[in-house]
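Everything below belongs to coords.cif, which stores mmCIF, N, CA, C and O atoms.
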```cif
data_my_file
#
loop_
_atom_site.label_atom_id
_atom_site.label_comp_id
_atom_site.auth_asym_id
_atom_site.auth_seq_id
_atom_site.Cartn_x
_atom_site.Cartn_y
_atom_site.Cartn_z
N MET A 886 90.41 93.43 116.89
CA MET A 886 90.75 94.84 116.77
C MET A 886 92.25 95.07 116.59
O MET A 886 92.62 95.97 115.86
N PRO A 887 93.11 94.30 117.24
CA PRO A 887 94.55 94.55 117.05
C PRO A 887 94.99 94.29 115.60
O PRO A 887 95.97 94.87 115.14
N TYR A 888 94.26 93.43 114.88
CA TYR A 888 94.61 93.18 113.49
C TYR A 888 94.38 94.42 112.64
O TYR A 888 95.18 94.73 111.75
N ILE A 889 93.30 95.10 112.91
CA ILE A 889 93.00 96.33 112.17
C ILE A 889 94.03 97.41 112.49
O ILE A 889 94.51 98.10 111.59
N GLU A 890 94.41 97.52 113.76
CA GLU A 890 95.43 98.50 114.15
C GLU A 890 96.77 98.18 113.51
O GLU A 890 97.57 99.08 113.25
N ALA A 891 97.03 96.92 113.25
CA ALA A 891 98.31 96.53 112.65
C ALA A 891 98.33 96.79 111.15
O ALA A 891 99.38 97.07 110.58
N ILE A 892 97.19 96.69 110.49
CA ILE A 892 97.16 96.81 109.03
C ILE A 892 96.89 98.24 108.56
O ILE A 892 97.23 98.59 107.43
N VAL A 893 96.32 99.08 109.38
CA VAL A 893 96.01 100.46 108.98
C VAL A 893 97.26 101.24 108.57
O VAL A 893 97.26 101.91 107.53
N PRO A 894 98.37 101.20 109.33
CA PRO A 894 99.56 101.93 108.87
C PRO A 894 100.08 101.44 107.52
O PRO A 894 100.53 102.23 106.69
N THR A 895 100.00 100.15 107.28
CA THR A 895 100.43 99.60 106.01
C THR A 895 99.57 100.12 104.87
O THR A 895 100.08 100.49 103.81
N ILE A 896 98.28 100.16 105.08
CA ILE A 896 97.37 100.68 104.06
C ILE A 896 97.63 102.16 103.82
O ILE A 896 97.65 102.62 102.67
N CYS A 897 97.86 102.91 104.88
CA CYS A 897 98.13 104.34 104.73
C CYS A 897 99.43 104.57 103.97
O CYS A 897 99.49 105.45 103.08
N LEU A 898 100.46 103.80 104.27
CA LEU A 898 101.72 103.95 103.54
C LEU A 898 101.56 103.54 102.08
O LEU A 898 102.16 104.16 101.20
N ALA A 899 100.78 102.52 101.83
CA ALA A 899 100.54 102.10 100.45
C ALA A 899 99.81 103.19 99.68
O ALA A 899 100.15 103.48 98.52
N LEU A 900 98.83 103.82 100.29
CA LEU A 900 98.11 104.92 99.63
C LEU A 900 99.02 106.12 99.40
O LEU A 900 98.96 106.76 98.34
N LEU A 901 99.86 106.42 100.37
CA LEU A 901 100.82 107.51 100.22
C LEU A 901 101.79 107.22 99.08
O LEU A 901 102.08 108.08 98.25
N PHE A 902 102.31 106.00 99.03
CA PHE A 902 103.21 105.60 97.96
C PHE A 902 102.53 105.71 96.60
O PHE A 902 103.11 106.23 95.65
N TRP A 903 101.28 105.26 96.50
CA TRP A 903 100.53 105.35 95.24
C TRP A 903 100.36 106.80 94.81
O TRP A 903 100.54 107.13 93.64
N TYR A 904 100.02 107.67 95.77
CA TYR A 904 99.82 109.08 95.46
C TYR A 904 101.12 109.72 94.95
O TYR A 904 101.11 110.47 93.97
N VAL A 905 102.23 109.43 95.62
CA VAL A 905 103.51 110.01 95.22
C VAL A 905 103.92 109.49 93.83
O VAL A 905 104.37 110.27 92.98
N MET A 906 103.76 108.21 93.59
CA MET A 906 104.12 107.65 92.29
C MET A 906 103.23 108.21 91.17
O MET A 906 103.70 108.49 90.07
N LYS A 907 101.96 108.41 91.47
CA LYS A 907 101.07 109.01 90.48
C LYS A 907 101.49 110.43 90.16
O LYS A 907 101.49 110.84 89.00
N ALA A 908 101.85 111.19 91.18
CA ALA A 908 102.31 112.57 90.97
C ALA A 908 103.59 112.60 90.13
O ALA A 908 103.74 113.45 89.24
N ILE A 909 104.50 111.68 90.40
CA ILE A 909 105.75 111.63 89.65
C ILE A 909 105.49 111.28 88.19
O ILE A 909 106.06 111.90 87.28
N THR A 910 104.65 110.28 87.95
CA THR A 910 104.39 109.89 86.56
C THR A 910 103.63 110.98 85.81
O THR A 910 103.89 111.20 84.62
N ASN A 911 102.72 111.67 86.47
CA ASN A 911 102.02 112.78 85.82
C ASN A 911 102.99 113.91 85.49
O ASN A 911 102.92 114.51 84.41
N ALA A 912 103.89 114.22 86.40
CA ALA A 912 104.88 115.27 86.15
C ALA A 912 105.79 114.87 84.99
O ALA A 912 106.12 115.70 84.14
N ASP A 913 106.18 113.62 84.94
CA ASP A 913 107.04 113.14 83.86
C ASP A 913 106.30 113.21 82.52
O ASP A 913 106.88 113.63 81.51
N ARG A 914 105.03 112.83 82.52
CA ARG A 914 104.24 112.89 81.29
C ARG A 914 104.13 114.33 80.78
O ARG A 914 104.30 114.61 79.59
N LYS A 915 103.87 115.25 81.69
CA LYS A 915 103.74 116.66 81.30
C LYS A 915 105.08 117.21 80.81
O LYS A 915 105.13 118.00 79.86
N GLU A 916 106.17 116.80 81.46
CA GLU A 916 107.50 117.25 81.04
C GLU A 916 107.83 116.74 79.65
O GLU A 916 108.35 117.48 78.81
N ARG A 917 107.52 115.47 79.38
CA ARG A 917 107.78 114.92 78.05
C ARG A 917 106.93 115.61 76.99
O ARG A 917 107.39 115.87 75.87
N GLN A 918 105.69 115.93 77.33
CA GLN A 918 104.81 116.61 76.38
C GLN A 918 105.33 118.02 76.10
O GLN A 918 105.37 118.45 74.95
N ALA A 919 105.76 118.72 77.13
CA ALA A 919 106.30 120.07 76.95
C ALA A 919 107.59 120.03 76.13
O ALA A 919 107.81 120.90 75.27
N GLU A 920 108.41 119.04 76.37
CA GLU A 920 109.65 118.91 75.61
C GLU A 920 109.37 118.61 74.14
O GLU A 920 110.02 119.15 73.25
N ALA A 921 108.39 117.75 73.89
CA ALA A 921 108.02 117.45 72.50
C ALA A 921 107.48 118.69 71.80
O ALA A 921 107.79 118.93 70.62
N GLU A 922 106.66 119.46 72.49
CA GLU A 922 106.13 120.70 71.90
C GLU A 922 107.25 121.70 71.62
O GLU A 922 107.26 122.35 70.57
N ALA A 923 108.20 121.81 72.54
CA ALA A 923 109.32 122.72 72.33
C ALA A 923 110.19 122.25 71.17
O ALA A 923 110.63 123.07 70.34
N ASP A 924 110.42 120.96 71.06
CA ASP A 924 111.19 120.43 69.94
C ASP A 924 110.49 120.68 68.62
O ASP A 924 111.12 121.03 67.62
N ALA A 925 109.18 120.48 68.60
CA ALA A 925 108.41 120.74 67.38
C ALA A 925 108.46 122.22 67.02
O ALA A 925 108.60 122.57 65.84
N LEU A 926 108.37 123.08 68.01
CA LEU A 926 108.44 124.51 67.75
C LEU A 926 109.81 124.90 67.20
O LEU A 926 109.90 125.68 66.25
N ILE A 927 110.85 124.34 67.78
CA ILE A 927 112.21 124.63 67.30
C ILE A 927 112.38 124.10 65.88
O ILE A 927 112.95 124.78 65.03
N GLN A 928 111.88 122.89 65.63
CA GLN A 928 112.00 122.30 64.30
C GLN A 928 111.25 123.13 63.27
O GLN A 928 111.76 123.41 62.20
N ASN A 929 110.04 123.55 63.59
CA ASN A 929 109.26 124.38 62.66
C ASN A 929 109.87 125.75 62.49
O ASN A 929 109.83 126.32 61.41
N GLY A 930 110.43 126.29 63.54
CA GLY A 930 111.07 127.60 63.46
C GLY A 930 112.32 127.56 62.62
O GLY A 930 112.61 128.48 61.85
N SER A 931 113.10 126.49 62.71
CA SER A 931 114.31 126.39 61.93
C SER A 931 113.99 126.17 60.45
O SER A 931 114.73 126.58 59.58
N ASP A 932 112.87 125.51 60.16
CA ASP A 932 112.47 125.32 58.77
C ASP A 932 112.10 126.66 58.13
O ASP A 932 112.40 126.90 56.96
N SER A 933 111.46 127.54 58.86
CA SER A 933 111.05 128.82 58.30
C SER A 933 112.24 129.77 58.16
O SER A 933 112.21 130.67 57.34
N ASN A 934 113.31 129.56 58.91
CA ASN A 934 114.49 130.40 58.81
C ASN A 934 115.41 129.96 57.68
O ASN A 934 116.30 130.68 57.28
N ASN A 935 115.20 128.77 57.16
CA ASN A 935 116.01 128.25 56.06
C ASN A 935 115.13 128.04 54.83
O ASN A 935 114.69 126.92 54.56
N PRO A 936 114.88 129.10 54.07
CA PRO A 936 114.01 128.94 52.90
C PRO A 936 114.68 128.07 51.84
O PRO A 936 115.88 128.08 51.67
N VAL A 937 113.86 127.32 51.15
CA VAL A 937 114.35 126.45 50.08
C VAL A 937 114.50 127.28 48.83
O VAL A 937 113.61 128.04 48.44
N ASN A 938 115.66 127.15 48.17
CA ASN A 938 115.88 127.87 46.90
C ASN A 938 115.06 127.24 45.82
O ASN A 938 115.17 126.04 45.55
N GLU A 939 114.21 128.03 45.18
CA GLU A 939 113.38 127.53 44.09
C GLU A 939 113.91 128.04 42.78
O GLU A 939 113.48 129.04 42.26
N ASN A 940 114.89 127.36 42.23
CA ASN A 940 115.48 127.77 40.95
C ASN A 940 115.03 126.89 39.84
O ASN A 940 114.87 125.81 39.80
#
```
This entry written out as structure tokens:
Amino acid sequence: MPYIEAIVPTICLALLFWYVMKAITNADRKERQAEAEADALIQNGSDSNNPVNEN
């Protein structure tokens, strides 16, 4: 029984660490996706503001 009591805190900390790292990577992924969408929107918006001269 003392072995289980010794390993339970380690397992709990490992699970907590995994949860925090997963949350960080998900937030980073969403941030990169939002930034890419904003860049695409800016790029498309700037193209429509600069019409090409068709002479």
Coordinates-based distance that separates atom CA of Lys915 of chain A from atom N of Ser931 of chain A (Å, one decimal):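 Taking atom N of Ser931 of chain A as the start and atom CA of Lys915 of chain A as the end point, the length is 23.0 Å.
Note that the spacing between atom C of Glu922 of chain A and atom O of Trp903 of chain A amounts to 27.2 Å.
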Step by step, gather every atom of segment 886-893 of chain A that the file lists, find the box along x, y and z that holds them, add 6 Å on each side, and finally give centre and edge lengths in Å to one decimal, as AutoDock Vina command-line options.
```
--center_x 94.9 --center_y 97.5 --center_z 112.3 --size_x 21.0 --size_y 20.7 --size_z 21.8
```
d(atom CA of Gly930 of chain A, atom CA of Gln918 of chain A) in Å: 18.1 Å
With C-alpha atoms retained, output chain A as a PDB file, in the first residue's frame.
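Written output follows (result30.pdb):
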```pdb
ATOM      1  CA  MET A 886       0.000   0.000   0.000  1.00  0.00           C
ATOM      2  CA  PRO A 887       2.766   2.544   0.670  1.00  0.00           C
ATOM      3  CA  TYR A 888       3.924   2.099  -2.939  1.00  0.00           C
ATOM      4  CA  ILE A 889       0.548   3.199  -4.228  1.00  0.00           C
ATOM      5  CA  GLU A 890       0.541   6.191  -1.876  1.00  0.00           C
ATOM      6  CA  ALA A 891       3.976   7.146  -3.169  1.00  0.00           C
ATOM      7  CA  ILE A 892       3.093   6.933  -6.863  1.00  0.00           C
ATOM      8  CA  VAL A 893      -0.368   8.559  -6.823  1.00  0.00           C
ATOM      9  CA  PRO A 894       0.957  12.155  -6.457  1.00  0.00           C
ATOM     10  CA  THR A 895       3.342  11.560  -9.346  1.00  0.00           C
ATOM     11  CA  ILE A 896       0.534  10.289 -11.548  1.00  0.00           C
ATOM     12  CA  CYS A 897      -1.672  13.231 -10.572  1.00  0.00           C
ATOM     13  CA  LEU A 898       1.078  15.724 -11.388  1.00  0.00           C
ATOM     14  CA  ALA A 899       1.729  13.996 -14.699  1.00  0.00           C
ATOM     15  CA  LEU A 900      -1.961  14.219 -15.603  1.00  0.00           C
ATOM     16  CA  LEU A 901      -2.064  17.872 -14.572  1.00  0.00           C
ATOM     17  CA  PHE A 902       1.029  18.599 -16.669  1.00  0.00           C
ATOM     18  CA  TRP A 903      -0.520  16.801 -19.669  1.00  0.00           C
ATOM     19  CA  TYR A 904      -3.758  18.768 -19.307  1.00  0.00           C
ATOM     20  CA  VAL A 905      -1.939  22.114 -19.089  1.00  0.00           C
ATOM     21  CA  MET A 906       0.292  21.330 -22.075  1.00  0.00           C
ATOM     22  CA  LYS A 907      -2.721  20.228 -24.116  1.00  0.00           C
ATOM     23  CA  ALA A 908      -4.520  23.472 -23.286  1.00  0.00           C
ATOM     24  CA  ILE A 909      -1.463  25.508 -24.278  1.00  0.00           C
ATOM     25  CA  THR A 910      -1.014  23.719 -27.596  1.00  0.00           C
ATOM     26  CA  ASN A 911      -4.725  24.031 -28.412  1.00  0.00           C
ATOM     27  CA  ALA A 912      -4.638  27.749 -27.627  1.00  0.00           C
ATOM     28  CA  ASP A 913      -1.546  28.163 -29.793  1.00  0.00           C
ATOM     29  CA  ARG A 914      -3.172  26.264 -32.664  1.00  0.00           C
ATOM     30  CA  LYS A 915      -6.288  28.439 -32.476  1.00  0.00           C
ATOM     31  CA  GLU A 916      -4.178  31.605 -32.288  1.00  0.00           C
ATOM     32  CA  ARG A 917      -2.182  30.602 -35.372  1.00  0.00           C
ATOM     33  CA  GLN A 918      -5.388  29.776 -37.241  1.00  0.00           C
ATOM     34  CA  ALA A 919      -6.955  33.122 -36.315  1.00  0.00           C
ATOM     35  CA  GLU A 920      -3.796  34.952 -37.346  1.00  0.00           C
ATOM     36  CA  ALA A 921      -3.727  33.148 -40.695  1.00  0.00           C
ATOM     37  CA  GLU A 922      -7.382  34.032 -41.305  1.00  0.00           C
ATOM     38  CA  ALA A 923      -6.728  37.664 -40.406  1.00  0.00           C
ATOM     39  CA  ASP A 924      -3.711  37.778 -42.714  1.00  0.00           C
ATOM     40  CA  ALA A 925      -5.744  36.266 -45.533  1.00  0.00           C
ATOM     41  CA  LEU A 926      -8.519  38.781 -44.940  1.00  0.00           C
ATOM     42  CA  ILE A 927      -6.041  41.663 -44.975  1.00  0.00           C
ATOM     43  CA  GLN A 928      -4.388  40.303 -48.118  1.00  0.00           C
ATOM     44  CA  ASN A 929      -7.725  39.901 -49.910  1.00  0.00           C
ATOM     45  CA  GLY A 930      -8.895  43.296 -48.731  1.00  0.00           C
ATOM     46  CA  SER A 931      -5.767  45.032 -49.971  1.00  0.00           C
ATOM     47  CA  ASP A 932      -6.131  43.348 -53.370  1.00  0.00           C
ATOM     48  CA  SER A 933      -9.662  44.722 -53.771  1.00  0.00           C
ATOM     49  CA  ASN A 934      -8.513  48.238 -52.808  1.00  0.00           C
ATOM     50  CA  ASN A 935      -5.826  48.229 -55.500  1.00  0.00           C
ATOM     51  CA  PRO A 936      -7.595  47.607 -58.805  1.00  0.00           C
ATOM     52  CA  VAL A 937      -5.451  46.525 -61.719  1.00  0.00           C
ATOM     53  CA  ASN A 938      -5.377  48.974 -64.621  1.00  0.00           C
ATOM     54  CA  GLU A 939      -6.730  47.259 -67.699  1.00  0.00           C
ATOM     55  CA  ASN A 940      -5.398  49.333 -70.574  1.00  0.00           C
TER      56      ASN A 940
END
```
